[in-house]
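Heads up, start-v9.cif below (mmCIF, C-alpha atoms):
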```
data_coords
#
loop_
_atom_site.label_atom_id
_atom_site.label_comp_id
_atom_site.auth_asym_id
_atom_site.auth_seq_id
_atom_site.Cartn_x
_atom_site.Cartn_y
_atom_site.Cartn_z
CA MET A 996 100.74 68.49 104.21
CA SER A 997 102.43 65.70 102.29
CA VAL A 998 106.15 65.74 101.62
CA PRO A 999 106.82 66.36 97.92
CA GLN A 1000 108.82 63.85 95.97
CA PRO A 1001 112.34 64.87 94.98
CA PRO A 1002 112.73 66.09 91.42
CA GLU A 1003 113.73 63.67 88.71
CA PRO A 1004 117.48 63.72 88.02
CA ILE A 1005 118.52 65.74 85.01
CA PRO A 1006 120.20 63.36 82.54
CA GLY A 1007 123.86 64.24 82.14
CA ALA A 1008 123.85 66.92 84.87
CA ARG A 1009 126.85 65.35 86.60
CA LEU A 1010 128.87 65.88 83.44
CA LEU A 1011 128.38 69.66 83.77
CA PHE A 1012 130.56 69.79 86.90
CA SER A 1013 134.04 68.71 87.96
CA LEU A 1014 132.68 67.13 91.13
CA ASP A 1015 134.05 63.81 92.29
CA PRO A 1016 131.48 61.24 91.07
CA ALA A 1017 131.67 59.55 94.47
CA VAL A 1018 130.40 62.73 96.14
CA SER A 1019 126.78 63.88 96.33
CA HIS A 1020 127.34 67.62 96.74
CA LEU A 1021 124.15 69.23 98.01
CA ASN A 1022 125.35 72.52 99.49
CA HIS A 1023 125.57 74.80 96.47
CA GLY A 1024 124.36 77.70 98.62
CA SER A 1025 127.46 77.94 100.80
CA PHE A 1026 130.07 76.24 98.67
CA GLY A 1027 128.69 76.00 95.18
CA ALA A 1028 130.44 73.95 92.57
CA VAL A 1029 130.99 75.92 89.39
CA PRO A 1030 129.88 74.35 86.09
CA ILE A 1031 132.74 73.41 83.75
CA SER A 1032 131.64 75.98 81.14
CA VAL A 1033 131.86 78.71 83.80
CA GLN A 1034 135.26 77.42 84.95
CA ARG A 1035 136.49 77.80 81.37
CA ALA A 1036 135.12 81.35 81.09
CA GLN A 1037 136.76 82.21 84.42
CA GLN A 1038 140.06 80.84 83.16
CA ARG A 1039 139.84 82.88 79.95
CA LEU A 1040 139.35 86.02 82.04
CA ARG A 1041 142.26 85.10 84.34
CA ASP A 1042 144.46 84.48 81.32
CA GLU A 1043 143.49 87.84 79.82
CA MET A 1044 144.16 89.59 83.12
CA GLU A 1045 147.52 87.90 83.64
CA ALA A 1046 148.64 88.67 80.08
CA ASN A 1047 148.24 92.43 80.59
CA PRO A 1048 146.87 93.46 84.02
CA LEU A 1049 147.05 97.18 83.30
CA ARG A 1050 144.98 96.89 80.13
CA PHE A 1051 142.53 94.46 81.78
CA PHE A 1052 141.76 96.78 84.70
CA THR A 1053 141.89 100.11 82.88
CA GLN A 1054 140.39 99.49 79.45
CA GLY A 1055 136.85 98.23 79.29
CA LEU A 1056 136.44 96.58 82.69
CA VAL A 1057 133.90 99.17 83.85
CA ASP A 1058 131.90 98.66 80.65
CA ARG A 1059 132.03 94.87 81.06
CA VAL A 1060 130.75 95.10 84.63
CA ALA A 1061 127.97 97.51 83.59
CA HIS A 1062 126.96 95.18 80.74
CA THR A 1063 126.87 92.20 83.11
CA ARG A 1064 124.83 94.14 85.66
CA ARG A 1065 122.30 95.21 83.02
CA HIS A 1066 122.08 91.68 81.61
CA LEU A 1067 121.55 90.05 85.01
CA ALA A 1068 119.05 92.71 86.09
CA SER A 1069 117.05 92.06 82.94
CA PHE A 1070 117.19 88.31 83.57
CA ILE A 1071 115.65 88.67 87.04
CA GLY A 1072 113.28 91.49 86.10
CA ALA A 1073 115.05 94.16 88.17
CA ASP A 1074 115.87 97.79 87.49
CA PRO A 1075 119.46 97.83 86.14
CA ASP A 1076 120.13 101.23 87.73
CA GLY A 1077 119.02 99.89 91.10
CA THR A 1078 121.06 96.70 90.80
CA ALA A 1079 124.57 96.07 92.07
CA LEU A 1080 126.91 93.14 91.70
CA VAL A 1081 128.31 91.74 94.95
CA SER A 1082 130.59 88.80 95.70
CA ASN A 1083 127.87 86.78 97.41
CA ALA A 1084 124.53 87.10 99.20
CA THR A 1085 126.17 87.64 102.57
CA THR A 1086 128.10 90.65 101.27
CA GLY A 1087 124.97 92.05 99.65
CA VAL A 1088 122.99 91.74 102.87
CA ALA A 1089 125.80 93.41 104.84
CA VAL A 1090 125.82 96.35 102.40
CA VAL A 1091 122.04 96.75 102.69
CA LEU A 1092 122.06 96.46 106.49
CA GLN A 1093 124.80 99.04 106.88
CA SER A 1094 123.08 101.46 104.50
CA LEU A 1095 119.79 101.61 106.42
CA GLY A 1096 120.88 103.84 109.28
CA LEU A 1097 119.09 101.65 111.82
CA ARG A 1098 118.19 103.13 115.20
CA PRO A 1099 117.33 101.51 118.55
CA ASP A 1100 113.56 101.68 117.88
CA ASP A 1101 113.89 99.83 114.54
CA GLU A 1102 113.54 96.11 114.03
CA ILE A 1103 114.53 93.59 111.40
CA LEU A 1104 112.15 90.68 110.87
CA SER A 1105 113.37 87.40 109.41
CA THR A 1106 112.28 83.76 109.59
CA ASP A 1107 113.80 80.67 111.15
CA HIS A 1108 114.39 79.40 107.60
CA GLY A 1109 117.00 82.09 106.94
CA TYR A 1110 120.54 81.56 105.76
CA GLY A 1111 122.92 81.37 108.72
CA ALA A 1112 125.43 83.95 107.51
CA VAL A 1113 122.61 86.43 106.85
CA ALA A 1114 121.23 85.86 110.36
CA LEU A 1115 124.70 86.54 111.77
CA SER A 1116 124.92 89.77 109.74
CA ILE A 1117 121.52 90.85 111.09
CA GLN A 1118 122.61 90.14 114.67
CA ARG A 1119 125.86 92.05 114.17
CA GLU A 1120 124.10 95.11 112.75
CA CYS A 1121 121.53 95.08 115.53
CA ARG A 1122 124.30 94.95 118.15
CA ARG A 1123 126.06 97.82 116.38
CA THR A 1124 123.00 100.06 116.08
CA GLY A 1125 120.78 99.00 118.99
CA ALA A 1126 118.03 97.83 116.62
CA THR A 1127 116.12 94.63 117.37
CA SER A 1128 116.10 91.37 115.46
CA ARG A 1129 112.97 89.22 115.53
CA VAL A 1130 112.90 85.74 114.06
CA LEU A 1131 109.51 84.47 112.93
CA PRO A 1132 109.10 80.71 113.35
CA VAL A 1133 107.55 79.12 110.26
CA PRO A 1134 106.52 75.47 110.53
CA LEU A 1135 107.83 73.20 107.78
CA GLU A 1136 104.30 72.10 106.95
CA ALA A 1137 102.95 75.67 106.64
CA THR A 1138 101.11 76.39 103.41
CA ASN A 1139 102.04 79.41 101.32
CA GLU A 1140 98.92 81.17 102.56
CA GLU A 1141 99.88 80.46 106.18
CA ILE A 1142 103.40 81.78 105.59
CA VAL A 1143 102.06 85.01 104.07
CA GLN A 1144 99.59 85.43 106.94
CA ALA A 1145 102.31 84.79 109.54
CA VAL A 1146 104.48 87.48 107.96
CA ARG A 1147 101.50 89.86 107.76
CA ASP A 1148 100.77 89.30 111.46
CA ALA A 1149 104.42 89.71 112.46
CA LEU A 1150 105.05 93.02 110.68
CA ARG A 1151 104.94 96.00 113.02
CA PRO A 1152 104.10 99.18 111.08
CA GLY A 1153 106.38 102.00 112.17
CA ARG A 1154 108.77 99.57 113.82
CA THR A 1155 109.68 96.84 111.30
CA ARG A 1156 112.27 98.59 109.16
CA LEU A 1157 113.41 95.60 107.14
CA LEU A 1158 111.96 92.20 106.27
CA VAL A 1159 114.50 89.56 105.23
CA ILE A 1160 113.00 86.53 103.49
CA ASP A 1161 114.83 83.76 101.69
CA GLN A 1162 112.90 82.83 98.55
CA LEU A 1163 114.56 79.43 98.43
CA THR A 1164 115.58 78.64 101.96
CA SER A 1165 119.04 77.32 102.58
CA SER A 1166 118.34 75.23 105.66
CA THR A 1167 115.09 73.61 104.52
CA ALA A 1168 115.05 74.02 100.70
CA ARG A 1169 111.55 75.44 101.09
CA LEU A 1170 110.34 77.74 98.33
CA PHE A 1171 108.70 80.73 100.00
CA PRO A 1172 105.98 82.74 98.21
CA ALA A 1173 108.26 85.75 97.83
CA ALA A 1174 106.03 87.84 95.55
CA ALA A 1175 103.06 87.56 97.93
CA ILE A 1176 105.28 88.35 100.93
CA VAL A 1177 106.69 91.41 99.18
CA ALA A 1178 103.14 92.59 98.43
CA VAL A 1179 102.22 92.25 102.12
CA ALA A 1180 105.39 94.11 103.15
CA HIS A 1181 104.54 96.96 100.78
CA GLU A 1182 101.11 97.24 102.42
CA HIS A 1183 102.84 97.97 105.70
#
```

Encoded form (structure tokens):
Amino acid sequence: MSVPQPPEPIPGARLLFSLDPAVSHLNHGSFGAVPISVQRAQQRLRDEMEANPLRFFTQGLVDRVAHTRRHLASFIGADPDGTALVSNATTGVAVVLQSLGLRPDDEILSTDHGYGAVALSIQRECRRTGATSRVLPVPLEATNEEIVQAVRDALRPGRTRLLVIDQLTSSTARLFPAAAIVAVAHEH
């Protein structure tokens, strides 16, 4: 498999952020820089909150959060009623892991391309519940078809309780064929 060329730079993209121009910030997954337009929106909300905290938290906040949840769910094609807003992916994974009621005969399957904090959350929940964590090695040069087949082969019906797959992997920036993997998981 040949290594793909990096994408062409987006003209003016640097101007969208407050990043030091001498810095090439690549880790938006762990410590993402916020675009200037988002910084301004955040500041407007902070100003509104600081001007009248009681009003901010008691009048309309629930409706604003519900609107945002519905909007984001629509954007990603998810069911708004089955969607929740969380602070970050690590928090979301922890909520899911703790809601499963894992038992000692259950296992969680992930890949060696997974986000480190998610892997730590999986390990912690397995220690807490006695469940097992299995990490599927996926070679960097694996094709999408090989990745899907590796997941298919690794799933243990009746035992694999949860499959954790990063669509865009943090450690390798590999785009996994998430839709095909989800279809395979649903088969099992």

Query raised in the report: Care to translate the PyMOL selection byres ((chain A and resi 1104-1118) around 7) into actual residues of this file, as a PyMOL selection string?
Result: chain A and resi 1085+1088-1089+1102-1103+1119-1122+1128-1133+1155+1157-1161+1164-1167

Query - Near-Leu1010 (chain A) list (12 Å; all atoms listed in the file; drop same-chain fewer than 5 positions) as a list in words - result: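 The residues satisfying every condition are Ile1005, Asp1015, Pro1016, Val1029, Pro1030, Ile1031 and Ser1032 of chain A.
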
Could you tell me which residues the PyMOL selection byres ((chain A and resi 1143) around 8) grabs in this file, written as a compact mmCIF listing (two decimals) with C-alpha atoms, keeping the file's coordinate frame?
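What landed in result_21.txt:
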```txt
# COMPACT_ATOMS: atom_id res chain seq x y z
CA ASN A 1139 102.04 79.41 101.32
CA GLU A 1140 98.92 81.17 102.56
CA GLU A 1141 99.88 80.46 106.18
CA ILE A 1142 103.40 81.78 105.59
CA GLN A 1144 99.59 85.43 106.94
CA ALA A 1145 102.31 84.79 109.54
CA VAL A 1146 104.48 87.48 107.96
CA ARG A 1147 101.50 89.86 107.76
CA PRO A 1172 105.98 82.74 98.21
CA ALA A 1175 103.06 87.56 97.93
CA ILE A 1176 105.28 88.35 100.93
CA VAL A 1179 102.22 92.25 102.12
```

Query - Ground truth for the PyMOL selection byres ((chain A and resi 1077-1080) around 12), written as a list in words - result: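 Evaluating the PyMOL selection byres ((chain A and resi 1077-1080) around 12) on these coordinates yields Arg1059, Val1060, Ala1061, His1062, Thr1063, Arg1064, Arg1065, His1066, Leu1067, Ala1068, Ser1069, Phe1070, Ile1071, Gly1072, Ala1073, Asp1074, Pro1075, Asp1076, Val1081, Ser1082, Asn1083, Ala1084, Thr1086, Gly1087, Val1088, Val1090 and Val1091 of chain A.
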
For the residues selected in the previous step, produce a file with C-alpha atoms as an mmCIF file, in the coordinates of the input.
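Output (result_3.cif):
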```cif
data_model
loop_
_atom_site.group_PDB
_atom_site.id
_atom_site.type_symbol
_atom_site.label_atom_id
_atom_site.label_comp_id
_atom_site.auth_asym_id
_atom_site.auth_seq_id
_atom_site.Cartn_x
_atom_site.Cartn_y
_atom_site.Cartn_z
ATOM 1 C CA ARG A 1059 132.030 94.870 81.060
ATOM 2 C CA VAL A 1060 130.750 95.100 84.630
ATOM 3 C CA ALA A 1061 127.970 97.510 83.590
ATOM 4 C CA HIS A 1062 126.960 95.180 80.740
ATOM 5 C CA THR A 1063 126.870 92.200 83.110
ATOM 6 C CA ARG A 1064 124.830 94.140 85.660
ATOM 7 C CA ARG A 1065 122.300 95.210 83.020
ATOM 8 C CA HIS A 1066 122.080 91.680 81.610
ATOM 9 C CA LEU A 1067 121.550 90.050 85.010
ATOM 10 C CA ALA A 1068 119.050 92.710 86.090
ATOM 11 C CA SER A 1069 117.050 92.060 82.940
ATOM 12 C CA PHE A 1070 117.190 88.310 83.570
ATOM 13 C CA ILE A 1071 115.650 88.670 87.040
ATOM 14 C CA GLY A 1072 113.280 91.490 86.100
ATOM 15 C CA ALA A 1073 115.050 94.160 88.170
ATOM 16 C CA ASP A 1074 115.870 97.790 87.490
ATOM 17 C CA PRO A 1075 119.460 97.830 86.140
ATOM 18 C CA ASP A 1076 120.130 101.230 87.730
ATOM 19 C CA VAL A 1081 128.310 91.740 94.950
ATOM 20 C CA SER A 1082 130.590 88.800 95.700
ATOM 21 C CA ASN A 1083 127.870 86.780 97.410
ATOM 22 C CA ALA A 1084 124.530 87.100 99.200
ATOM 23 C CA THR A 1086 128.100 90.650 101.270
ATOM 24 C CA GLY A 1087 124.970 92.050 99.650
ATOM 25 C CA VAL A 1088 122.990 91.740 102.870
ATOM 26 C CA VAL A 1090 125.820 96.350 102.400
ATOM 27 C CA VAL A 1091 122.040 96.750 102.690
#
```

What would region 1011-1024 of chain A look like if you wrote it out as a PDB file, in the first residue's frame, with all heavy atoms included, from the block I just posted?
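Below is the file that was written, decode_37.pdb:
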```pdb
ATOM      1  N   LEU A1011      -7.738  31.522  10.806  1.00  0.00           N
ATOM      2  CA  LEU A1011      -8.946  31.143  11.540  1.00  0.00           C
ATOM      3  C   LEU A1011      -8.676  30.865  13.014  1.00  0.00           C
ATOM      4  O   LEU A1011      -9.605  30.713  13.801  1.00  0.00           O
ATOM      5  CB  LEU A1011      -9.579  29.903  10.905  1.00  0.00           C
ATOM      6  CG  LEU A1011     -10.019  30.042   9.450  1.00  0.00           C
ATOM      7  CD1 LEU A1011     -10.503  28.709   8.920  1.00  0.00           C
ATOM      8  CD2 LEU A1011     -11.072  31.119   9.302  1.00  0.00           C
ATOM      9  N   PHE A1012      -7.392  30.769  13.390  1.00  0.00           N
ATOM     10  CA  PHE A1012      -7.006  30.394  14.746  1.00  0.00           C
ATOM     11  C   PHE A1012      -6.091  31.448  15.359  1.00  0.00           C
ATOM     12  O   PHE A1012      -5.457  32.223  14.646  1.00  0.00           O
ATOM     13  CB  PHE A1012      -6.282  29.047  14.733  1.00  0.00           C
ATOM     14  CG  PHE A1012      -7.156  27.913  14.280  1.00  0.00           C
ATOM     15  CD1 PHE A1012      -7.236  27.575  12.937  1.00  0.00           C
ATOM     16  CD2 PHE A1012      -7.900  27.185  15.189  1.00  0.00           C
ATOM     17  CE1 PHE A1012      -8.047  26.536  12.506  1.00  0.00           C
ATOM     18  CE2 PHE A1012      -8.716  26.150  14.765  1.00  0.00           C
ATOM     19  CZ  PHE A1012      -8.792  25.821  13.418  1.00  0.00           C
ATOM     20  N   SER A1013      -5.977  31.418  16.673  1.00  0.00           N
ATOM     21  CA  SER A1013      -5.080  32.324  17.388  1.00  0.00           C
ATOM     22  C   SER A1013      -3.706  31.706  17.609  1.00  0.00           C
ATOM     23  O   SER A1013      -2.914  32.234  18.375  1.00  0.00           O
ATOM     24  CB  SER A1013      -5.679  32.677  18.758  1.00  0.00           C
ATOM     25  OG  SER A1013      -6.899  33.333  18.615  1.00  0.00           O
ATOM     26  N   LEU A1014      -3.437  30.614  16.957  1.00  0.00           N
ATOM     27  CA  LEU A1014      -2.180  29.892  17.171  1.00  0.00           C
ATOM     28  C   LEU A1014      -0.975  30.748  16.804  1.00  0.00           C
ATOM     29  O   LEU A1014      -1.015  31.529  15.847  1.00  0.00           O
ATOM     30  CB  LEU A1014      -2.154  28.615  16.321  1.00  0.00           C
ATOM     31  CG  LEU A1014      -3.101  27.511  16.761  1.00  0.00           C
ATOM     32  CD1 LEU A1014      -3.205  26.452  15.681  1.00  0.00           C
ATOM     33  CD2 LEU A1014      -2.635  26.907  18.076  1.00  0.00           C
ATOM     34  N   ASP A1015       0.087  30.569  17.548  1.00  0.00           N
ATOM     35  CA  ASP A1015       1.365  31.209  17.259  1.00  0.00           C
ATOM     36  C   ASP A1015       1.793  30.763  15.860  1.00  0.00           C
ATOM     37  O   ASP A1015       1.882  29.567  15.585  1.00  0.00           O
ATOM     38  CB  ASP A1015       2.383  30.764  18.310  1.00  0.00           C
ATOM     39  CG  ASP A1015       3.767  31.332  18.113  1.00  0.00           C
ATOM     40  OD1 ASP A1015       4.075  31.838  17.011  1.00  0.00           O
ATOM     41  OD2 ASP A1015       4.555  31.261  19.072  1.00  0.00           O
ATOM     42  N   PRO A1016       2.061  31.682  14.948  1.00  0.00           N
ATOM     43  CA  PRO A1016       2.441  31.296  13.580  1.00  0.00           C
ATOM     44  C   PRO A1016       3.731  30.482  13.515  1.00  0.00           C
ATOM     45  O   PRO A1016       3.976  29.783  12.538  1.00  0.00           O
ATOM     46  CB  PRO A1016       2.609  32.621  12.837  1.00  0.00           C
ATOM     47  CG  PRO A1016       2.224  33.694  13.765  1.00  0.00           C
ATOM     48  CD  PRO A1016       1.964  33.123  15.115  1.00  0.00           C
ATOM     49  N   ALA A1017       4.525  30.533  14.568  1.00  0.00           N
ATOM     50  CA  ALA A1017       5.763  29.759  14.591  1.00  0.00           C
ATOM     51  C   ALA A1017       5.522  28.314  15.022  1.00  0.00           C
ATOM     52  O   ALA A1017       6.443  27.500  15.034  1.00  0.00           O
ATOM     53  CB  ALA A1017       6.773  30.420  15.534  1.00  0.00           C
ATOM     54  N   VAL A1018       4.279  27.985  15.373  1.00  0.00           N
ATOM     55  CA  VAL A1018       3.945  26.654  15.867  1.00  0.00           C
ATOM     56  C   VAL A1018       3.115  25.904  14.831  1.00  0.00           C
ATOM     57  O   VAL A1018       2.167  26.456  14.276  1.00  0.00           O
ATOM     58  CB  VAL A1018       3.153  26.755  17.197  1.00  0.00           C
ATOM     59  CG1 VAL A1018       2.628  25.406  17.631  1.00  0.00           C
ATOM     60  CG2 VAL A1018       4.008  27.387  18.276  1.00  0.00           C
ATOM     61  N   SER A1019       3.476  24.656  14.590  1.00  0.00           N
ATOM     62  CA  SER A1019       2.651  23.769  13.755  1.00  0.00           C
ATOM     63  C   SER A1019       1.900  22.845  14.702  1.00  0.00           C
ATOM     64  O   SER A1019       2.409  21.806  15.109  1.00  0.00           O
ATOM     65  CB  SER A1019       3.520  22.962  12.788  1.00  0.00           C
ATOM     66  OG  SER A1019       4.104  23.808  11.838  1.00  0.00           O
ATOM     67  N   HIS A1020       0.716  23.245  15.075  1.00  0.00           N
ATOM     68  CA  HIS A1020      -0.089  22.498  16.054  1.00  0.00           C
ATOM     69  C   HIS A1020      -0.831  21.378  15.342  1.00  0.00           C
ATOM     70  O   HIS A1020      -1.691  21.634  14.502  1.00  0.00           O
ATOM     71  CB  HIS A1020      -1.074  23.441  16.735  1.00  0.00           C
ATOM     72  CG  HIS A1020      -1.899  22.792  17.784  1.00  0.00           C
ATOM     73  ND1 HIS A1020      -1.392  22.386  18.993  1.00  0.00           N
ATOM     74  CD2 HIS A1020      -3.202  22.454  17.795  1.00  0.00           C
ATOM     75  CE1 HIS A1020      -2.348  21.841  19.715  1.00  0.00           C
ATOM     76  NE2 HIS A1020      -3.463  21.865  19.006  1.00  0.00           N
ATOM     77  N   LEU A1021      -0.495  20.139  15.679  1.00  0.00           N
ATOM     78  CA  LEU A1021      -1.097  19.000  14.994  1.00  0.00           C
ATOM     79  C   LEU A1021      -2.029  18.187  15.884  1.00  0.00           C
ATOM     80  O   LEU A1021      -2.721  17.317  15.397  1.00  0.00           O
ATOM     81  CB  LEU A1021       0.011  18.081  14.449  1.00  0.00           C
ATOM     82  CG  LEU A1021       0.991  18.743  13.482  1.00  0.00           C
ATOM     83  CD1 LEU A1021       2.083  17.759  13.095  1.00  0.00           C
ATOM     84  CD2 LEU A1021       0.275  19.273  12.257  1.00  0.00           C
ATOM     85  N   ASN A1022      -2.034  18.424  17.176  1.00  0.00           N
ATOM     86  CA  ASN A1022      -2.790  17.580  18.090  1.00  0.00           C
ATOM     87  C   ASN A1022      -4.117  18.219  18.480  1.00  0.00           C
ATOM     88  O   ASN A1022      -4.345  18.552  19.636  1.00  0.00           O
ATOM     89  CB  ASN A1022      -1.947  17.279  19.336  1.00  0.00           C
ATOM     90  CG  ASN A1022      -2.557  16.183  20.172  1.00  0.00           C
ATOM     91  OD1 ASN A1022      -3.641  15.683  19.877  1.00  0.00           O
ATOM     92  ND2 ASN A1022      -1.877  15.806  21.221  1.00  0.00           N
ATOM     93  N   HIS A1023      -5.014  18.367  17.529  1.00  0.00           N
ATOM     94  CA  HIS A1023      -6.324  18.931  17.830  1.00  0.00           C
ATOM     95  C   HIS A1023      -7.208  17.926  18.560  1.00  0.00           C
ATOM     96  O   HIS A1023      -8.223  18.304  19.123  1.00  0.00           O
ATOM     97  CB  HIS A1023      -7.013  19.401  16.548  1.00  0.00           C
ATOM     98  CG  HIS A1023      -6.441  20.677  16.014  1.00  0.00           C
ATOM     99  ND1 HIS A1023      -6.864  21.899  16.439  1.00  0.00           N
ATOM    100  CD2 HIS A1023      -5.454  20.903  15.121  1.00  0.00           C
ATOM    101  CE1 HIS A1023      -6.183  22.847  15.823  1.00  0.00           C
ATOM    102  NE2 HIS A1023      -5.319  22.264  15.016  1.00  0.00           N
ATOM    103  N   GLY A1024      -6.827  16.647  18.555  1.00  0.00           N
ATOM    104  CA  GLY A1024      -7.625  15.646  19.258  1.00  0.00           C
ATOM    105  C   GLY A1024      -7.546  15.797  20.763  1.00  0.00           C
ATOM    106  O   GLY A1024      -8.556  15.767  21.455  1.00  0.00           O
TER     107      GLY A1024
END
```
